[in-house]
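Here is the structure we will look at.
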Number of protein chains: 2
Amino acid sequence: MDQMGTVSTQSIQLEGVRLQSGIYLSPLTVAYETYGELNEQRDNAVLVLHALSGDAHSSGLDADGRVGWWDGMIGPGKGIDTRKYFVICSNCLGGCKGTTGPTSVNPATGKPYGRSFPQITIRDMVNVQVMLIDKLAITKLHAVIGGSMGGMQALEWACGHGDRLKSALVIAATARLSPQGIAFNWVSRNAIYCDPATPVKPDESNSGFYKPGRGLAVARMIGHITYLSEETMQAKFGRKRKLRDMDGTTYSLGENQGLGGEFEIESYLQHKGSSFMARFDEDSYIIITKAIDYFDLVREYGDLATAFKDITAKMLIVSFTSDWLYPTSMSLDIVRALQASKKHVSFVEMDLPYGHDSFLVPQGMPNMTRIVRGFLKGV
Amino acid sequence: MDQMGTVSTQSIQLEGVRLQSGIYLSPLTVAYETYGELNEQRDNAVLVLHALSGDAHSSGLDADGRVGWWDGMIGPGKGIDTRKYFVICSNCLGGCKGTTGPTSVNPATGKPYGRSFPQITIRDMVNVQVMLIDKLAITKLHAVIGGSMGGMQALEWACGHGDRLKSALVIAATARLSPQGIAFNWVSRNAIYCDPATPVKPDESNSGFYKPGRGLAVARMIGHITYLSEETMQAKFGRKRKLRDMDGTTYSLGENQGLGGEFEIESYLQHKGSSFMARFDEDSYIIITKAIDYFDLVREYGDLATAFKDITAKMLIVSFTSDWLYPTSMSLDIVRALQASKKHVSFVEMDLPYGHDSFLVPQGMPNMTRIVRGFLKGV
């Protein structure tokens, strides 16, 4: 945090990382932010792991006045209290907000990787986070905390780096995505592939950052529907309409016929899609959703008990009653395997109506704060 | 049915229809098929109403060997027994299988309407069906039967034409779609709008039938996910993979890394999307999904009890436990309003795991057959 009270994203340069595929990706930049102070014992660090569309800017205001994506949770006196903890949040590998990803320049061509960026995995993302923690000379994290894809990373941390963390909080996540989740990611990517502004071949020169085209917006809208609960949609939008015409064609009829006008849910999604288009890269979207699809601890280890056998961290698994994309049953699969492996695990199913996004929305923050604060204190 | 045992779609030419919007659509063609014989009293006719992607060909084989979309239900000795009943099924107004729709030639321009086709409603579809019944000189239908959008039409028939039917079977339908359903239709249409092969303006000359482009395939894939239950997806596909690469790019990694290959759910959806693209028109898809979105008996009549006040038909409402798009709660809204209006109504929630499509899939046919047969007999 600077004198103006704003935070800025820092970055470190690393030589490279050997990906799970065998490919050596080099050079490697990791963008991250930190909040609070690392104590003398260097044992108060909390690593926060973002979801699909997140970035390193999780708390406070940046120079553009943008609020961090989990500002309600991270800060002085908040759930992750920056007066006590040194909080680290980095943009994931393959992202488009400072860490090496499809928008980075490929040294072999002098152009952005675009769609030729190698497929990365959740494990690759975590390996890069481990390098960052090494650079910050932190031997053992007090906790790793993540929701959705961040929760997958928290699981991967606990399974693969038992000696580097005391605890892991896994929110609205799964050890492997359902076929329904895979299906939604698949159609999202296909909406991008349909987009005329999208090059189909990796070597086309216009593959870069902030490309035009609505494919990414459609992908985001599909995702957004799956993050909301039907209950939230009913309460917030119902079947209310705006008076202006839908997509500007001659379809819509006058309100006097009981027809016409755009549904509010439609313009809400439209807004979400458009703003995402302006801030995210479609090749990152493709590569990260694939990493989510491929994440599968059962396939990788044979079964969950084996996946969890080296876990030493205290685990807290959180699910939401209204989350139909990552339902409680998936969290319970994790909990039962941890119990079977005699690990230290707690489980909370939170009765919140905001769907998969319950851990992110302001309305869920008071309840989430109690859980997170209690968890960090109990480690 | 001809001597070869195949059925062919017939059509009638009408002068035109006054749409709910006030527009007079002329000329008007209605494509339909019939099975069985109309009895002397002309009182054994059953009108079958198709869903979004259906057509007039609901039973038997056509000249191309294509099986009707509800062949498991309609035929000699089947749930709708064609030895007893005269079955009529017509392609809906706005469709692309013979009845006037966006692929029809606009007499004012000599070209297909394409995206300039006027927005039609569920009520308009039913009004055209009434004209067909008039032409066939049928005063009173034994029953109207429809699922999904067909169920909306069955409701509209019962509400608006009480003197023309003895009974209505409403399957997996709603008196008004949820905001979640509207949202999915909205992103589906946007996938079509993104498609480079899709003209954005209604007067572009390439607006016609069977246009290339994958937008319609993406739209269909989105729809298809919502018609399936998570349970079916798990049982049928799980996380199984095909060995060949996903979308032919360099992303996918070898099986030996535990990565790569295409998920079976993906190639299944791909197949569904591609085959739909070859048999459906995207402008029909747009206009019909909008008609579904706009259908709202509460908005139209003030409340459901008022909407139902002139109903004289015996009503049977059917829902499926695994249908998350048109859940049982929506059917119960209809049932309770009919009960409050002291109408003759029965309700069955069927415990079938096949999602919204439970009334269409072969696995659901034995149970569906018992329900439909009992209903027709009891009228």
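Starting from 1 in every chain, residues are counted up; chains themselves are A, B, ... following the order of the structure tokens, and ligands are numbered from 1 as listed.
Selecting chain A residues within 6 Å of chain B and counting only C-alpha atoms yields A:Pro118, A:Gln119, A:Pro179, A:Ala191, A:Cys194, A:Asp195, A:Pro196, A:Arg214, A:Gly238, A:Arg239, A:Tyr251.
Near stretch 348-350 of chain B, within a cut-off of 8 Å and counting only C-alpha atoms, sit the residues Leu316, Ile317, Val318, Ser319, Phe320, Thr321 and Thr328 of chain B, with same-chain residues fewer than 4 positions away left out.
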Writing out the chosen residues with N, CA and C atoms as a PDB file, in the first residue's frame:
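Below is the file part.pdb, written as the result:
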```
ATOM      1  N   LEU B 316     -54.815 -32.829 -16.785  1.00  0.00           N
ATOM      2  CA  LEU B 316     -53.802 -33.631 -16.089  1.00  0.00           C
ATOM      3  C   LEU B 316     -52.463 -32.911 -16.234  1.00  0.00           C
ATOM      4  N   ILE B 317     -51.845 -32.645 -15.101  1.00  0.00           N
ATOM      5  CA  ILE B 317     -50.546 -31.970 -15.091  1.00  0.00           C
ATOM      6  C   ILE B 317     -49.495 -32.986 -14.665  1.00  0.00           C
ATOM      7  N   VAL B 318     -48.424 -33.091 -15.452  1.00  0.00           N
ATOM      8  CA  VAL B 318     -47.357 -34.062 -15.166  1.00  0.00           C
ATOM      9  C   VAL B 318     -46.018 -33.341 -15.040  1.00  0.00           C
ATOM     10  N   SER B 319     -45.278 -33.678 -14.001  1.00  0.00           N
ATOM     11  CA  SER B 319     -43.906 -33.147 -13.877  1.00  0.00           C
ATOM     12  C   SER B 319     -42.950 -34.299 -13.588  1.00  0.00           C
ATOM     13  N   PHE B 320     -41.653 -34.009 -13.673  1.00  0.00           N
ATOM     14  CA  PHE B 320     -40.640 -35.035 -13.434  1.00  0.00           C
ATOM     15  C   PHE B 320     -39.708 -34.602 -12.300  1.00  0.00           C
ATOM     16  N   THR B 321     -39.401 -35.536 -11.425  1.00  0.00           N
ATOM     17  CA  THR B 321     -38.548 -35.226 -10.259  1.00  0.00           C
ATOM     18  C   THR B 321     -37.195 -34.649 -10.673  1.00  0.00           C
ATOM     19  N   THR B 328     -41.047 -29.334 -10.638  1.00  0.00           N
ATOM     20  CA  THR B 328     -42.365 -29.688 -10.106  1.00  0.00           C
ATOM     21  C   THR B 328     -43.068 -28.485  -9.484  1.00  0.00           C
TER      22      THR B 328
END
```
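Each of A:Pro366, A:Gly273, A:Gly68, A:Gly54 was compared to A:Ser148 using only C-alpha atoms, and A:Gly54 turns out to be the nearest.
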Checklist entry - Contacts of stretch 88-105 of chain A at 7 Å or less, counting only C-alpha atoms, minus same-chain residues fewer than 6 places along, as a VMD selection string? => result chain A and resid 28 to 35 46 to 49 55 to 56 58 111 to 115 117 120 125 208 to 209 280 to 281 283 to 284 287 to 288
Item to check | Shell of 12 Å around B:Pro76, only C-alpha atoms, local chain residues under 3 positions omitted, as a ChimeraX atom specification | outcome: /B:35-37,59-60,71-73,79-87
Quick one: write out the picked residues with C-alpha atoms as a compact mmCIF listing (two decimals), in the first residue's frame?
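Okay, this is what ended up in part-v2.txt:
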```txt
# COMPACT_ATOMS: atom_id res chain seq x y z
CA TYR B 35 -52.49 -41.12 -37.81
CA GLY B 36 -55.51 -43.40 -37.32
CA GLU B 37 -59.04 -42.70 -38.49
CA SER B 59 -45.07 -41.04 -35.39
CA GLY B 60 -44.02 -43.72 -37.85
CA ASP B 71 -43.11 -42.74 -32.05
CA GLY B 72 -42.80 -44.56 -28.76
CA MET B 73 -46.08 -42.99 -27.66
CA GLY B 79 -50.07 -44.89 -25.26
CA ILE B 80 -51.99 -42.84 -27.80
CA ASP B 81 -53.54 -45.80 -29.59
CA THR B 82 -54.12 -45.01 -33.25
CA ARG B 83 -56.63 -47.89 -33.48
CA LYS B 84 -58.85 -45.81 -31.20
CA TYR B 85 -57.81 -42.22 -31.77
CA PHE B 86 -57.33 -39.94 -34.75
CA VAL B 87 -54.05 -38.23 -33.95
```
Checklist entry - Between atom CA of B:Lys342 and atom CA of B:Glu156, what is the spacing in Å? => result 18.2 Å
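Interatomic distance, atom CA of B:Val379 against atom CA of B:Asp310: 18.1 Å.
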Item to check | Members of stretch 19-130 of chain B assigned strand (DSSP E) by DSSP, as a PyMOL selection string | outcome: chain B and resi 24-25+28-35+45-49+74-75+80-81+86-90+105-106+111-112
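With atom CA of A:Ala51 on one side and atom CA of A:Gln153 on the other, the separation reads 9.4 Å.
Summary of the local environment: counting only C-alpha atoms, residues at most 8 Å from A:Thr139, other than itself and those fewer than 4 positions away along its chain, are A:Arg42, A:Asp43, A:Ile133, A:Asp134, A:Arg164.
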Next on the checklist: Write out as a count of residues only the set of residues from stretch 101-302 of chain A that DSSP, computed on the backbone, places in helix (DSSP H, G or I).
Outcome noted: 105
Checklist entry - Using only C-alpha atoms, which residues sit within 10 Å of A:Gly150 once same-chain residues fewer than 4 positions away are excluded, as a ChimeraX atom specification? => result /A:48-52,54,92,122,126,144-146,154-156,169-173
